[in-house]
Amino acid sequence: MQRIQDVPAAMPRSRRHEFSGLRALGLLACLGSALAGAAHATNTAGAAVFDAHAVDPLAGTARQEQVVSAMDAEGRSVTVWLDRRGSQHLRLQRHDAAGLPYGEPIQVNNTAIVGSYAYPQVAMSADGAFTVVWTQTESWLGGMPHVFRRSFDRHGQALTYEQRVDPPGTPEAGNAQIAMRSDGSHGIVWLSYPGNGQRALYLASFDANGMPLGVPELIASGTSASQLTWPRLAMDDAGNALAVWSENRGGTSEEVWMRRRLANGTLGAITRVNSLAPATVPRPDVAMDAAGNAVVVWKQYSRSPGLRIVGQRLLPSGARAGSEFVLAARESYPKEEPAHPNVAMARQTGDFAAVWRRSDGHIYVRHFHANGSPLGPERSSSQGSARTDYPDVAMDADGDTQVVWQSVVPAQSYTHAFQRRFAGLAPLDVRARLQHIARDETASGLRIHEVELRGSLIYGAHTNGRGVASGLVALIETTDALAPQKIAGDGWVCAPAPANGLSCAYLPSLWPLGTDLDPETPTGPLRLQVQVPAELAQTELKVRIGVNQFDASALNDQASLSLQ
C-alpha cells in the first residue's frame with residue numbers, strides 16, 4: 001500500500017475537477033437513504049443495496065428517456081439517456097463502485113437529436129473506458145437516420161468526435177447495438193434500410209482506440225416477406241461475437257435467430273435460438289461472459305400460459321447448453337404479464353441478471369447462477385408508476401448489478417431516468433477492525449485523523465484469480481455544522497453525505513483470495529485520513545466501515561469508531 005496522500009492532488013486534472021465539483025444538494029436530496037444503506041452489507045445475494053434514485057437529481061423538469069447503462073469490471077458505471085429539453089441531446093452520468101455519482105453530466109453529441117428515436121446504447125471496458133452509439137436523423141428536410149458513435153476514456157474525456165458508423169451511400173440505418181471486450185475493442189451491429197423494403201444486419205469492428213478493423217460485414221439479409229428487427233450483440237474476450245435478432249421468415253410469428261462471427265473473421269451459420277414454441281414479437285437480448293458462455297432472453301406469447309420471458313443458455317461453441325427455461329411467467333393481478341426483457345452477465349463468473357416490466361408498473365430483476373438456476377425470486381426494483389418502462393441492466397465482473405429505467409416523477413408529467421444497485425453474487429466478508437491516530441498540524445490549522453482498516457477480506461469462489469470490486473464503503477459523520485474538510489488515502493473517492501458527512505468508496509481491486517490487512521503483511525492496512533479544522537478538534541466524528549456486497553455472514557463486517 002502506498003503512503004497516504006491527498007486524494008484531489010493525486011488525481012489527474014479531470015478527476016480533481018470532479019472531486020471538487022460534486023453537487024452536494026442533489027446528492028443530499030436523492031441519496032440520503034442510499035448512503036446510509038450502502039455502508040451495510042447484505043446477507044442475501046442480489047438484494048438491493050439502496051433505494052432507487054434519480055440518475056441526475058438536478059435535472060429539474062427534464063424529459064429523460066431511453067436510459068441505458070454499462071459497468072466496468074470494478075463496479076463503476078455510466079448511464080446514458082436522451083434529454084428532450086429544448087434541443088435534444090444525449091447525456092451521461094458516471095457513478096463510482098458504491099453507486100454514487102461523481103462529476104457533472106456530460107453531453108455526448110454536439111449535433112442536436114432530430115426526432116425521438118436516438119435509442120442510445122453504451123458499453124464499457126474492464127478499466128472504465130466506454131463508447132456510446134445512437135441513431136441520428138440528418139437535420140435537413142428529408143434527412144434520413146444514420147448510426148453514430150463516440151468514445152470516452154475512463155475519466156469521461158472524449159477520445160473522438162461523433163462519428164458515423166454506417167458507410168457512405170447507405171440510404172438509412174438505425175437500431176444500433178454495441179458490445180465490448182475487456183480491453184476496449186468492440187463491435188457494433190445495426191439495421192440497414194436499402195430502400196427496397198429488405199432490411200440487412202451489419203457488423204462493424206473497432207480496436208480499443210476506436211479505429212475501424214476492416215469494413216462492415218453482412219450478418220443477415222431479409223426479404224420483403226422476412227423483416228429483421230431488434231438486433232443485439234455480445235462479445236467474449238477472445239473477440240468472438242454473437243449477433244441475435246428477431247425475424248418472421250414467412251410464418252405466423254417472429255422467431256429469435258443468431259449468427260456467430262469468430263475472432264478470425266469466420267462467419268457461422270444462421271440458426272434459430274427458440275425451439276419449443278413460436279416467439280411472437282420476441283424483442284431478444286443477449287449477454288456473454290469473458291469465456292464465451294452466453295444467454296439469450298426474449299418474450300414469448302402463447303394463448304396458454306400467456307406472455308412470459310424465456311431464455312436459452314449457449315456454450316462458447318454456440319451450441320445450446322440445456323433447454324429453454326422460463327425466467328418470468330404471467331402472474332395474477334396486478335403483476336400480470338412481463339415484457340421488455342433485458343439481460344447482463346458477469347464477465348468472470350457467467351452468473352447473470354435479467355430485468356423486465358410487469359403490468360403493475362414495476363421493474364423487476366432476477367439473478368441466476370451460470371447454470372441457469374434462479375438465485376431467489378424476482379425483486380421489484382422500482383416504486384411503480386403507470387409510465388415506468390424500458391428497463392436496462394448492467395453487471396460488473398463479479399455480479400454487482402445496476403438497473404436503470406425511465407419513470408414519470410410523482411405529481412409531475414415528465415419522465416426521469418432512475419437507477420438502483422443490487423449486491424453482487426460473489427460474497428465478501430470483511431472482518432474489520434479500526435485503529436485511530438490523531439495529530440495537529442499547526443501550519444495548516446488542521447487536525448488530522450488517520451484511520452486504519454485492519455482484519456481480513458475474504459471472497460467467495462467467484463474471483464478466478466482476478467481482483468474484484470471491493471464493495472468497501474466508509475461513511476464519516478459529524479454532529480457539528482461543518483463537515484470534514486478533506487479526505488485523503490489512496491484509492492478512496494468521496495461525495496457529500498447527509499448529516500454533515502462524507503461517503504467514500506474504495507475503488508481499486510482487492511485481491512487475492514483472503515487478503516490480509518494486518519500491518520505485518522505486504523498488503524498492510526487500508527488507510528483513510530480525515531482532516532478537520534483545528535477548532536473542531538473536540539467535535540466527535542464517527543467513521544463507519546462496511547460493504548455493499550453480498551455477505552452470507554454479515555454480522556462481523558461492519559466496524560465504527562468515534563474520533564476526537
# chains A, B, ... in the order shown; residues from 1 in each chain; ligands from 1
$ residues_around --residues "Thr442 of chain A" --least-positions-apart "6" --cutoff "12 Å" --atoms "only C-alpha atoms" --output "JSON, numbers by chain"
{"A": [448, 533, 534, 535]}
$ select_by_dssp --residues "segment 278-312 of chain A" --states "strand (DSSP E or B)" --output "number ranges by chain"
A: 285-288, 294-300, 308-312
$ residues_around --residues "Leu82 of chain A" --least-positions-apart "5" --cutoff "8 Å" --atoms "only C-alpha atoms" --output "compact mmCIF listing (two decimals) with all heavy atoms, in the first residue's frame"
# COMPACT_ATOMS: atom_id res chain seq x y z
N ARG A 63 -37.17 15.92 -19.58
CA ARG A 63 -37.78 14.71 -20.12
C ARG A 63 -36.62 13.76 -20.46
O ARG A 63 -35.99 13.89 -21.50
CB ARG A 63 -38.61 15.04 -21.35
CG ARG A 63 -39.84 15.87 -21.05
CD ARG A 63 -40.58 16.21 -22.33
NE ARG A 63 -41.02 15.01 -23.04
CZ ARG A 63 -41.48 15.02 -24.31
NH1 ARG A 63 -41.50 16.15 -24.99
NH2 ARG A 63 -41.88 13.91 -24.88
N GLN A 64 -36.34 12.83 -19.58
CA GLN A 64 -35.24 11.90 -19.75
C GLN A 64 -35.81 10.55 -20.17
O GLN A 64 -36.59 9.95 -19.44
CB GLN A 64 -34.46 11.76 -18.44
CG GLN A 64 -33.85 13.06 -17.97
CD GLN A 64 -33.18 12.91 -16.62
OE1 GLN A 64 -33.56 12.06 -15.83
NE2 GLN A 64 -32.21 13.75 -16.34
N GLU A 65 -35.41 10.09 -21.33
CA GLU A 65 -35.98 8.88 -21.90
C GLU A 65 -34.86 7.99 -22.46
O GLU A 65 -33.72 8.41 -22.59
CB GLU A 65 -36.98 9.23 -23.01
CG GLU A 65 -38.16 10.08 -22.52
CD GLU A 65 -39.08 10.49 -23.66
OE1 GLU A 65 -38.78 10.13 -24.83
OE2 GLU A 65 -40.09 11.18 -23.38
N GLN A 66 -35.22 6.74 -22.77
CA GLN A 66 -34.33 5.81 -23.45
C GLN A 66 -33.03 5.63 -22.66
O GLN A 66 -31.93 5.68 -23.22
CB GLN A 66 -34.07 6.28 -24.88
CG GLN A 66 -35.35 6.46 -25.69
CD GLN A 66 -35.14 7.18 -27.00
OE1 GLN A 66 -34.06 7.17 -27.56
NE2 GLN A 66 -36.18 7.82 -27.51
N VAL A 67 -33.16 5.37 -21.36
CA VAL A 67 -32.00 5.29 -20.49
C VAL A 67 -31.36 3.90 -20.57
O VAL A 67 -32.05 2.88 -20.59
CB VAL A 67 -32.40 5.64 -19.04
CG1 VAL A 67 -33.52 4.75 -18.54
CG2 VAL A 67 -31.21 5.53 -18.09
N GLN A 88 -32.58 18.59 -28.36
CA GLN A 88 -32.35 17.31 -27.70
C GLN A 88 -30.90 16.84 -27.87
O GLN A 88 -30.33 16.93 -28.95
CB GLN A 88 -33.29 16.26 -28.27
CG GLN A 88 -34.75 16.62 -28.12
CD GLN A 88 -35.67 15.59 -28.73
OE1 GLN A 88 -36.61 15.16 -28.11
NE2 GLN A 88 -35.40 15.19 -29.96
N HIS A 89 -30.34 16.33 -26.75
CA HIS A 89 -29.00 15.75 -26.78
C HIS A 89 -28.98 14.50 -25.92
O HIS A 89 -29.83 14.31 -25.05
CB HIS A 89 -27.95 16.75 -26.26
CG HIS A 89 -27.68 17.88 -27.19
ND1 HIS A 89 -28.44 19.04 -27.18
CD2 HIS A 89 -26.75 18.04 -28.18
CE1 HIS A 89 -27.97 19.87 -28.11
NE2 HIS A 89 -26.96 19.28 -28.72
N LEU A 90 -27.97 13.68 -26.16
CA LEU A 90 -27.69 12.56 -25.26
C LEU A 90 -26.78 13.06 -24.15
O LEU A 90 -25.84 13.82 -24.39
CB LEU A 90 -27.00 11.42 -26.00
CG LEU A 90 -27.79 10.78 -27.15
CD1 LEU A 90 -26.93 9.72 -27.82
CD2 LEU A 90 -29.08 10.18 -26.65
N ARG A 91 -27.08 12.64 -22.92
CA ARG A 91 -26.24 12.99 -21.78
C ARG A 91 -25.89 11.71 -21.02
O ARG A 91 -26.57 10.70 -21.13
CB ARG A 91 -26.94 13.99 -20.86
CG ARG A 91 -27.30 15.30 -21.56
CD ARG A 91 -27.81 16.36 -20.59
NE ARG A 91 -28.30 17.51 -21.30
CZ ARG A 91 -27.55 18.51 -21.76
NH1 ARG A 91 -26.23 18.47 -21.54
NH2 ARG A 91 -28.07 19.52 -22.41
N ALA A 118 -33.45 8.18 -30.92
CA ALA A 118 -32.00 8.05 -30.78
C ALA A 118 -31.62 6.66 -30.29
O ALA A 118 -30.65 6.06 -30.75
CB ALA A 118 -31.47 9.10 -29.81
N TYR A 119 -32.37 6.12 -29.33
CA TYR A 119 -32.13 4.79 -28.76
C TYR A 119 -30.64 4.53 -28.53
O TYR A 119 -30.05 3.65 -29.16
CB TYR A 119 -32.76 3.72 -29.64
CG TYR A 119 -34.26 3.81 -29.68
CD1 TYR A 119 -34.92 4.06 -30.88
CD2 TYR A 119 -35.01 3.69 -28.52
CE1 TYR A 119 -36.31 4.17 -30.91
CE2 TYR A 119 -36.40 3.80 -28.54
CZ TYR A 119 -37.05 4.04 -29.73
OH TYR A 119 -38.40 4.15 -29.76
N PRO A 120 -30.02 5.25 -27.60
CA PRO A 120 -28.59 5.06 -27.35
C PRO A 120 -28.30 3.70 -26.74
O PRO A 120 -29.15 3.08 -26.10
CB PRO A 120 -28.26 6.19 -26.37
CG PRO A 120 -29.55 6.44 -25.64
CD PRO A 120 -30.62 6.23 -26.68
$ residues_around --residues "Ala238 of chain A" --least-positions-apart "5" --cutoff "12 Å" --atoms "only C-alpha atoms" --output "MDAnalysis selection string"
chainID A and resid 180:186 261:264 288:293 316
$ atom_distance --atom1 "atom CA of Leu526 of chain A" --atom2 "atom CA of Leu453 of chain A"
5.1 Å
$ closest_residue --among "A:Ala432, A:Ile188, A:Ala52, A:Ala200" --to "Arg454 of chain A" --atoms "only C-alpha atoms"
A:Ala432
$ residues_around --residues "His369 of chain A" --least-positions-apart "5" --cutoff "12 Å" --atoms "only C-alpha atoms" --output "PyMOL selection string"
chain A and resi 45-46+295+313+345-346+349-354+374-376+398-399+424-426+462
$ atom_distance --atom1 "atom CA of Glu74 of chain A" --atom2 "atom CA of Arg366 of chain A"
21.0 Å
$ closest_residue --among "A:Phe148, A:Val493, A:Arg84, A:Val55" --to "Glu104 of chain A" --atoms "only C-alpha atoms"
A:Val55
$ residues_around --residues "Leu203 of chain A" --least-positions-apart "4" --cutoff "10 Å" --atoms "only C-alpha atoms" --output "NGL selection string"
:A and (165-166 or 176-178 or 187-191 or 215-220 or 233 or 241 or 243 or 261)
$ atom_distance --atom1 "atom CA of Leu541 of chain A" --atom2 "atom CA of Asp490 of chain A"
20.7 Å
$ residues_around --residues "Arg308 of chain A" --least-positions-apart "4" --cutoff "6 Å" --atoms "only C-alpha atoms" --output "PyMOL selection string"
chain A and resi 299-300+328-330+338
$ closest_atom_pairs --of "segment 152-249 of chain A" --to "segment 134-145 of chain A" --cutoff "8 Å" --atoms "only C-alpha atoms" --output "JSON lines"
{"residue": "A:Pro171", "atom": "CA", "partner": "A:Met144", "partner_atom": "CA", "distance": 7.2}
{"residue": "A:Glu172", "atom": "CA", "partner": "A:Pro145", "partner_atom": "CA", "distance": 5.5}
{"residue": "A:Ala173", "atom": "CA", "partner": "A:Pro145", "partner_atom": "CA", "distance": 5.8}
{"residue": "A:Gly174", "atom": "CA", "partner": "A:Thr135", "partner_atom": "CA", "distance": 5.4}
{"residue": "A:Asn175", "atom": "CA", "partner": "A:Thr135", "partner_atom": "CA", "distance": 7.0}
{"residue": "A:Ala176", "atom": "CA", "partner": "A:Trp134", "partner_atom": "CA", "distance": 6.3}
$ write_last_selection --atoms "all heavy atoms" --output "PDB file, in the first residue's frame"
ATOM      1  N   PRO A 171     -28.565   4.416 -47.582  1.00  0.00           N
ATOM      2  CA  PRO A 171     -29.701   5.344 -47.562  1.00  0.00           C
ATOM      3  C   PRO A 171     -30.222   5.623 -46.158  1.00  0.00           C
ATOM      4  O   PRO A 171     -30.585   6.764 -45.832  1.00  0.00           O
ATOM      5  CB  PRO A 171     -30.755   4.630 -48.418  1.00  0.00           C
ATOM      6  CG  PRO A 171     -29.992   3.649 -49.240  1.00  0.00           C
ATOM      7  CD  PRO A 171     -28.856   3.218 -48.376  1.00  0.00           C
ATOM      8  N   GLU A 172     -30.276   4.579 -45.309  1.00  0.00           N
ATOM      9  CA  GLU A 172     -30.879   4.737 -43.991  1.00  0.00           C
ATOM     10  C   GLU A 172     -30.377   3.608 -43.092  1.00  0.00           C
ATOM     11  O   GLU A 172     -30.204   2.472 -43.537  1.00  0.00           O
ATOM     12  CB  GLU A 172     -32.405   4.679 -44.097  1.00  0.00           C
ATOM     13  CG  GLU A 172     -33.139   4.867 -42.793  1.00  0.00           C
ATOM     14  CD  GLU A 172     -34.637   4.806 -42.968  1.00  0.00           C
ATOM     15  OE1 GLU A 172     -35.103   4.741 -44.128  1.00  0.00           O
ATOM     16  OE2 GLU A 172     -35.357   4.812 -41.941  1.00  0.00           O
ATOM     17  N   ALA A 173     -30.120   3.930 -41.810  1.00  0.00           N
ATOM     18  CA  ALA A 173     -29.634   2.922 -40.871  1.00  0.00           C
ATOM     19  C   ALA A 173     -30.090   3.284 -39.472  1.00  0.00           C
ATOM     20  O   ALA A 173     -30.324   4.458 -39.151  1.00  0.00           O
ATOM     21  CB  ALA A 173     -28.118   2.798 -40.926  1.00  0.00           C
ATOM     22  N   GLY A 174     -30.209   2.269 -38.610  1.00  0.00           N
ATOM     23  CA  GLY A 174     -30.635   2.523 -37.233  1.00  0.00           C
ATOM     24  C   GLY A 174     -30.610   1.253 -36.408  1.00  0.00           C
ATOM     25  O   GLY A 174     -30.066   0.225 -36.808  1.00  0.00           O
ATOM     26  N   ASN A 175     -31.219   1.314 -35.221  1.00  0.00           N
ATOM     27  CA  ASN A 175     -31.289   0.174 -34.301  1.00  0.00           C
ATOM     28  C   ASN A 175     -29.901  -0.358 -33.967  1.00  0.00           C
ATOM     29  O   ASN A 175     -29.641  -1.565 -34.029  1.00  0.00           O
ATOM     30  CB  ASN A 175     -32.148  -0.953 -34.882  1.00  0.00           C
ATOM     31  CG  ASN A 175     -33.621  -0.606 -34.911  1.00  0.00           C
ATOM     32  OD1 ASN A 175     -34.299  -0.650 -33.895  1.00  0.00           O
ATOM     33  ND2 ASN A 175     -34.098  -0.211 -36.089  1.00  0.00           N
ATOM     34  N   ALA A 176     -28.976   0.541 -33.596  1.00  0.00           N
ATOM     35  CA  ALA A 176     -27.601   0.150 -33.321  1.00  0.00           C
ATOM     36  C   ALA A 176     -27.472  -0.478 -31.940  1.00  0.00           C
ATOM     37  O   ALA A 176     -28.198  -0.133 -31.001  1.00  0.00           O
ATOM     38  CB  ALA A 176     -26.684   1.365 -33.418  1.00  0.00           C
TER      39      ALA A 176
END
$ closest_residue --among "A:Arg283, A:Arg154, A:Arg259, A:His436" --to "Pro341 of chain A" --atoms "only C-alpha atoms"
A:Arg283
